[in-house]
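K.L.:
I'm passing along input-v9.tsv; it holds TSV, C-alpha atoms and all ligand atoms.
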```tsv
chain	number	residue	atom	x	y	z
O	1	MET	CA	-23.23	47.71	31.02
O	2	THR	CA	-22.25	46.39	27.58
O	3	PRO	CA	-19.96	48.84	25.78
O	4	ARG	CA	-21.48	50.37	22.66
O	5	ILE	CA	-19.71	51.46	19.52
O	6	LEU	CA	-21.31	53.87	17.04
O	7	LEU	CA	-20.22	53.27	13.42
O	8	ILE	CA	-20.72	56.33	11.21
O	9	ASN	CA	-20.31	56.30	7.42
O	10	GLY	CA	-20.37	59.52	5.45
O	11	PRO	CA	-21.35	60.67	2.00
O	12	ASN	CA	-21.49	58.25	-0.93
O	13	LEU	CA	-20.57	55.26	1.25
O	14	ASN	CA	-24.10	54.02	0.61
O	15	LEU	CA	-22.68	53.36	-2.89
O	16	LEU	CA	-20.02	50.96	-1.61
O	17	GLY	CA	-19.79	47.91	-3.83
O	18	LYS	CA	-21.82	49.55	-6.53
O	19	ARG	CA	-19.18	51.85	-8.07
O	20	GLU	CA	-15.38	51.88	-8.34
O	21	PRO	CA	-14.91	48.37	-6.87
O	22	HIS	CA	-11.24	48.57	-7.87
O	23	ILE	CA	-10.80	51.27	-5.20
O	24	TYR	CA	-13.55	50.53	-2.65
O	25	GLY	CA	-14.04	46.80	-3.17
O	26	SER	CA	-17.23	44.92	-3.98
O	27	ALA	CA	-18.81	44.72	-0.50
O	28	THR	CA	-21.95	46.77	-0.06
O	29	LEU	CA	-22.50	49.06	2.92
O	30	ALA	CA	-24.99	46.56	4.33
O	31	GLU	CA	-22.37	43.81	4.09
O	32	VAL	CA	-19.75	46.05	5.73
O	33	GLU	CA	-22.14	46.89	8.58
O	34	ALA	CA	-22.96	43.19	9.04
O	35	LEU	CA	-19.24	42.36	9.11
O	36	ALA	CA	-18.67	45.07	11.72
O	37	ARG	CA	-21.67	43.93	13.79
O	38	ASP	CA	-20.41	40.32	13.80
O	39	GLN	CA	-16.98	41.51	14.89
O	40	ALA	CA	-18.46	43.64	17.68
O	41	SER	CA	-20.72	40.82	18.85
O	42	SER	CA	-17.80	38.37	18.96
O	43	LEU	CA	-16.04	40.83	21.30
O	44	GLY	CA	-19.08	41.38	23.54
O	45	VAL	CA	-19.71	44.89	22.29
O	46	GLU	CA	-22.92	46.40	20.92
O	47	LEU	CA	-22.78	48.18	17.55
O	48	GLU	CA	-25.01	50.94	16.26
O	49	THR	CA	-24.65	52.05	12.62
O	50	PHE	CA	-25.46	55.33	10.88
O	51	GLN	CA	-24.87	56.53	7.32
O	52	SER	CA	-25.67	59.92	5.86
O	53	ASN	CA	-24.80	61.93	2.78
O	54	HIS	CA	-25.32	65.13	4.77
O	55	GLU	CA	-22.71	66.81	6.98
O	56	GLY	CA	-25.29	68.33	9.34
O	57	ALA	CA	-26.99	64.98	9.89
O	58	ILE	CA	-23.65	63.47	10.85
O	59	VAL	CA	-22.99	66.36	13.25
O	60	ASP	CA	-26.48	65.86	14.76
O	61	ARG	CA	-25.81	62.13	15.21
O	62	ILE	CA	-22.45	62.78	16.89
O	63	GLN	CA	-24.07	65.33	19.22
O	64	GLY	CA	-26.84	62.81	19.88
O	65	ALA	CA	-24.25	60.35	21.12
O	66	ALA	CA	-23.67	62.71	24.03
O	67	GLY	CA	-27.39	63.27	24.57
O	68	TRP	CA	-27.44	66.64	22.88
O	69	GLY	CA	-29.55	67.93	20.00
O	70	PRO	CA	-32.29	66.27	17.96
O	71	GLU	CA	-30.59	62.88	17.67
O	72	ALA	CA	-30.12	62.17	21.38
O	73	ALA	CA	-29.65	58.42	21.71
O	74	VAL	CA	-32.32	57.64	24.33
O	75	ASP	CA	-33.48	54.13	25.17
O	76	ASP	CA	-37.27	54.08	24.51
O	77	ARG	CA	-37.94	51.68	27.38
O	78	THR	CA	-35.96	53.27	30.18
O	79	GLU	CA	-35.24	56.76	28.85
O	80	ARG	CA	-31.62	56.03	29.72
O	81	LEU	CA	-29.10	57.52	27.35
O	82	ARG	CA	-27.63	54.74	25.24
O	83	LYS	CA	-24.39	56.62	24.83
O	84	PRO	CA	-21.67	54.91	22.78
O	85	SER	CA	-18.34	54.41	24.48
O	86	ALA	CA	-16.49	54.83	21.19
O	87	ILE	CA	-17.12	56.02	17.64
O	88	VAL	CA	-15.73	54.47	14.46
O	89	ILE	CA	-16.12	56.94	11.60
O	90	ASN	CA	-15.47	56.90	7.88
O	91	PRO	CA	-16.41	60.49	6.93
O	92	GLY	CA	-15.84	59.85	3.21
O	93	ALA	CA	-15.10	63.07	1.37
O	94	LEU	CA	-15.99	65.09	4.50
O	95	THR	CA	-12.68	63.80	5.91
O	96	HIS	CA	-10.95	66.43	3.83
O	97	THR	CA	-13.34	69.34	4.32
O	98	SER	CA	-15.34	69.17	7.54
O	99	VAL	CA	-14.27	71.31	10.48
O	100	ALA	CA	-17.85	70.86	11.73
O	101	ILE	CA	-17.43	67.09	12.16
O	102	ARG	CA	-14.04	67.67	13.85
O	103	ASP	CA	-15.64	70.17	16.23
O	104	ALA	CA	-18.56	67.84	17.02
O	105	LEU	CA	-16.22	64.93	17.81
O	106	LEU	CA	-14.13	67.14	20.07
O	107	ALA	CA	-17.23	68.55	21.75
O	108	VAL	CA	-18.72	65.17	22.72
O	109	ASP	CA	-15.30	63.93	23.88
O	110	ILE	CA	-15.97	60.30	22.88
O	111	PRO	CA	-12.86	58.43	21.68
O	112	PHE	CA	-13.01	57.77	17.96
O	113	VAL	CA	-11.22	55.70	15.32
O	114	GLU	CA	-10.99	57.10	11.77
O	115	VAL	CA	-11.34	54.49	8.99
O	116	HIS	CA	-10.83	54.70	5.25
O	117	VAL	CA	-11.36	51.82	2.84
O	118	SER	CA	-8.70	53.19	0.50
O	119	ASN	CA	-5.19	54.34	1.35
O	120	ILE	CA	-5.88	58.07	1.26
O	121	HIS	CA	-2.13	58.78	1.39
O	122	ALA	CA	-1.59	57.03	-1.93
O	123	ARG	CA	-4.30	58.99	-3.77
O	124	GLU	CA	-4.88	62.53	-4.96
O	125	PRO	CA	-3.15	65.24	-2.91
O	126	PHE	CA	-6.47	66.64	-1.61
O	127	ARG	CA	-7.29	63.27	0.00
O	128	LYS	CA	-4.02	63.19	1.99
O	129	HIS	CA	-5.24	65.72	4.56
O	130	SER	CA	-7.79	64.77	7.22
O	131	TYR	CA	-9.45	67.23	9.62
O	132	LEU	CA	-9.81	64.36	12.10
O	133	SER	CA	-6.62	62.30	12.17
O	134	ASP	CA	-4.68	64.31	14.75
O	135	LYS	CA	-7.50	63.82	17.26
O	136	ALA	CA	-8.30	60.18	16.46
O	137	VAL	CA	-7.22	57.41	18.85
O	138	ALA	CA	-6.24	55.52	15.69
O	139	VAL	CA	-6.44	55.92	11.92
O	140	ILE	CA	-6.87	52.85	9.70
O	141	CYS	CA	-6.71	53.20	5.93
O	142	GLY	CA	-6.00	50.97	2.92
O	143	LEU	CA	-7.23	47.70	4.45
O	144	GLY	CA	-10.38	47.74	2.37
O	145	VAL	CA	-13.51	46.84	4.28
O	146	TYR	CA	-11.41	44.91	6.79
O	147	GLY	CA	-10.38	48.30	8.12
O	148	TYR	CA	-13.81	48.38	9.75
O	149	THR	CA	-13.30	45.05	11.57
O	150	ALA	CA	-9.82	46.16	12.63
O	151	ALA	CA	-11.26	49.42	13.94
O	152	ILE	CA	-14.02	47.64	15.86
O	153	ALA	CA	-11.52	45.19	17.36
O	154	PHE	CA	-9.20	48.03	18.36
O	155	ALA	CA	-12.04	50.13	19.81
O	156	ALA	CA	-13.44	47.17	21.76
O	157	ARG	CA	-10.01	46.38	23.22
O	158	HIS	CA	-9.48	50.06	24.00
O	159	LEU	CA	-12.83	50.11	25.84
O	160	LYS	CA	-12.16	46.89	27.73
O	161	ALA	CA	-8.73	48.18	28.75
O	162	GLY	CA	-10.41	51.34	30.02
O	163	GLU	CA	-12.87	49.28	32.06
O	164	ARG	CA	-9.99	47.47	33.77
O	165	GLU	CA	-8.24	50.71	34.79
M	201	LIG	O1	-11.28	55.50	1.35
M	201	LIG	C1	-12.29	55.88	2.00
M	201	LIG	O2	-12.97	55.16	2.73
M	201	LIG	C2	-12.78	57.32	1.83
M	201	LIG	O3	-13.08	57.86	3.13
M	201	LIG	C3	-14.02	57.23	1.04
M	201	LIG	C4	-14.30	58.07	0.04
M	201	LIG	C5	-15.48	57.77	-0.81
M	201	LIG	C6	-16.56	57.16	-0.28
M	201	LIG	C7	-17.61	56.83	-1.07
M	201	LIG	C8	-17.61	57.09	-2.44
M	201	LIG	C9	-16.52	57.71	-2.92
M	201	LIG	S1	-16.35	58.09	-4.59
M	201	LIG	C10	-17.61	57.20	-5.31
M	201	LIG	C11	-18.74	57.89	-5.73
M	201	LIG	C12	-19.74	57.20	-6.35
M	201	LIG	C13	-19.63	55.82	-6.53
M	201	LIG	C14	-18.50	55.14	-6.08
M	201	LIG	C15	-17.48	55.83	-5.46
M	201	LIG	C16	-15.45	58.09	-2.15
M	201	LIG	C17	-13.44	59.24	-0.34
M	201	LIG	O4	-14.23	60.42	-0.56
M	201	LIG	C18	-12.39	59.52	0.74
M	201	LIG	O5	-11.43	60.40	0.19
M	201	LIG	C19	-11.76	58.22	1.19
```
What would you get if you wrote out this structure as structure tokens?

P.N.:
Amino acid sequence: MTPRILLINGPNLNLLGKREPHIYGSATLAEVEALARDQASSLGVELETFQSNHEGAIVDRIQGAAGWGPEAAVDDRTERLRKPSAIVINPGALTHTSVAIRDALLAVDIPFVEVHVSNIHAREPFRKHSYLSDKAVAVICGLGVYGYTAAIAFAARHLKAGERE
């Protein structure tokens, strides 16, 4: 079955390209998602995207990836769970505050890559801490929107390597 990656973007990332282009670049979220989808497709991987400004909605979507809660990812035609094999997540500001997202990611036990458009370690002190990084398979930050394509490429290779084992 074709590996699936779930790309999650958190609060305010719907504003990508519209504000603070000097920090977050000029690409819109739609352009970023298209870039990521092209990258996934070129590697034979399916990509599902989700963006929310609400912590609980993100937790619900992560739980849904494991077939739990209101957002269970079920295939309409076959009722099979379309569970992602990996998650790529840019939690936005929730990176620095959300134990709930950390707990949800640990609960579903799906490998995840943490992505940040900016280099959070070169910014304000409060952005230097992430509640996710110590549990992430990889953390990519400061590559701009190309961090997403790097994360997809890494996740796809990680999945393919797992298939071969
Ligand atoms: O660099 C990132 O990708 C990051 O995850 C993304 C963030 C982010 C995402 C979207 C918007 C903003 S700030 C903003 C608000 C309105 C308009 C433009 C930018 C920050 C920060 O909160 C994080 O600290 C870092």

K.L.:
Please find the residues contacting ligand LIG 201 (chain M) at a distance of at most 8 Å between atoms, with all atoms listed in the file counted, and report them as a PyMOL selection string.

P.N.:
chain O and resi 10-21+23-24+90-96+115-120+127+141-142+144

K.L.:
Please produce a file of those selected residues containing C-alpha atoms, as a PDB file, keeping the file's coordinate frame.

P.N.:
```pdb
ATOM      1  CA  GLY O  10     -20.370  59.520   5.450  1.00  0.00           C
ATOM      2  CA  PRO O  11     -21.350  60.670   2.000  1.00  0.00           C
ATOM      3  CA  ASN O  12     -21.490  58.250  -0.930  1.00  0.00           C
ATOM      4  CA  LEU O  13     -20.570  55.260   1.250  1.00  0.00           C
ATOM      5  CA  ASN O  14     -24.100  54.020   0.610  1.00  0.00           C
ATOM      6  CA  LEU O  15     -22.680  53.360  -2.890  1.00  0.00           C
ATOM      7  CA  LEU O  16     -20.020  50.960  -1.610  1.00  0.00           C
ATOM      8  CA  GLY O  17     -19.790  47.910  -3.830  1.00  0.00           C
ATOM      9  CA  LYS O  18     -21.820  49.550  -6.530  1.00  0.00           C
ATOM     10  CA  ARG O  19     -19.180  51.850  -8.070  1.00  0.00           C
ATOM     11  CA  GLU O  20     -15.380  51.880  -8.340  1.00  0.00           C
ATOM     12  CA  PRO O  21     -14.910  48.370  -6.870  1.00  0.00           C
ATOM     13  CA  ILE O  23     -10.800  51.270  -5.200  1.00  0.00           C
ATOM     14  CA  TYR O  24     -13.550  50.530  -2.650  1.00  0.00           C
ATOM     15  CA  ASN O  90     -15.470  56.900   7.880  1.00  0.00           C
ATOM     16  CA  PRO O  91     -16.410  60.490   6.930  1.00  0.00           C
ATOM     17  CA  GLY O  92     -15.840  59.850   3.210  1.00  0.00           C
ATOM     18  CA  ALA O  93     -15.100  63.070   1.370  1.00  0.00           C
ATOM     19  CA  LEU O  94     -15.990  65.090   4.500  1.00  0.00           C
ATOM     20  CA  THR O  95     -12.680  63.800   5.910  1.00  0.00           C
ATOM     21  CA  HIS O  96     -10.950  66.430   3.830  1.00  0.00           C
ATOM     22  CA  VAL O 115     -11.340  54.490   8.990  1.00  0.00           C
ATOM     23  CA  HIS O 116     -10.830  54.700   5.250  1.00  0.00           C
ATOM     24  CA  VAL O 117     -11.360  51.820   2.840  1.00  0.00           C
ATOM     25  CA  SER O 118      -8.700  53.190   0.500  1.00  0.00           C
ATOM     26  CA  ASN O 119      -5.190  54.340   1.350  1.00  0.00           C
ATOM     27  CA  ILE O 120      -5.880  58.070   1.260  1.00  0.00           C
ATOM     28  CA  ARG O 127      -7.290  63.270   0.000  1.00  0.00           C
ATOM     29  CA  CYS O 141      -6.710  53.200   5.930  1.00  0.00           C
ATOM     30  CA  GLY O 142      -6.000  50.970   2.920  1.00  0.00           C
ATOM     31  CA  GLY O 144     -10.380  47.740   2.370  1.00  0.00           C
TER      32      GLY O 144
END
```

K.L.:
Between atom CA of Thr49 of chain O and atom CA of Pro3 of chain O, measure the distance and give it in Å to one decimal.

P.N.:
14.3 Å

K.L.:
Between O:Leu7, O:Val137, O:Glu114, O:Lys83, single out the one closest to Ser52 of chain O, counting all atoms listed in the file.

P.N.:
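That would be O:Leu7, the residue with the smallest distance to Ser52 of chain O.
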
K.L.:
My list of candidates is O:Arg157, O:Tyr148, O:Ala100, O:Asn9. Which is closest to Arg37 of chain O when distances are computed with only C-alpha atoms?

P.N.:
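For Arg37 of chain O, the nearest of the candidates is O:Tyr148.
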
K.L.:
Given the choices O:Ala72, O:Ile62, O:Ala27, O:Ala104, which gets closest to Ile87 of chain O if the distance is worked out from all atoms listed in the file?

P.N.:
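When distances to Ile87 of chain O are compared using all atoms listed in the file, the smallest one comes from O:Ile62.
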
K.L.:
Using all atoms listed in the file, which residue out of O:Leu35, O:Glu48, O:Phe126, O:Gly69 lies closest to Val88 of chain O?

P.N.:
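Nearest candidate to Val88 of chain O out of O:Leu35, O:Glu48, O:Phe126, O:Gly69: O:Glu48.
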
K.L.:
Could you write out as JSON the box around segment 6-17 of chain O (axis-aligned, all atoms listed in the file, 4 Å on each side), with centre and edge lengths in Å to one decimal?

P.N.:
```
{"center_x": -21.9, "center_y": 54.3, "center_z": 6.6, "size_x": 12.3, "size_y": 20.8, "size_z": 28.9}
```

K.L.:
Work out how far apart atom CA of Pro84 of chain O and atom CA of His129 of chain O are and give it in Å to one decimal.

P.N.:
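Separation between atom CA of Pro84 of chain O and atom CA of His129 of chain O: 26.8 Å.
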
K.L.:
Just how far from atom CA of Asp134 of chain O is atom CA of Ala34 of chain O, in Å to one decimal?

P.N.:
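Straight-line distance from atom CA of Ala34 of chain O to atom CA of Asp134 of chain O works out to 28.5 Å.
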
K.L.:
Between O:Lys128, O:Lys135, O:Arg82, O:Arg123, which is the closest to Thr97 of chain O once you count only C-alpha atoms?

P.N.:
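Looking at the shortest contact to Thr97 of chain O, the residue is O:Lys128.
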
K.L.:
May I ask which of the residues O:Phe50, O:Ala86, O:Ile101, O:Val108 is the closest one to Trp68 of chain O, counting all atoms listed in the file?

P.N.:
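Once distances to Trp68 of chain O are computed over all atoms listed in the file, the minimum belongs to O:Val108.
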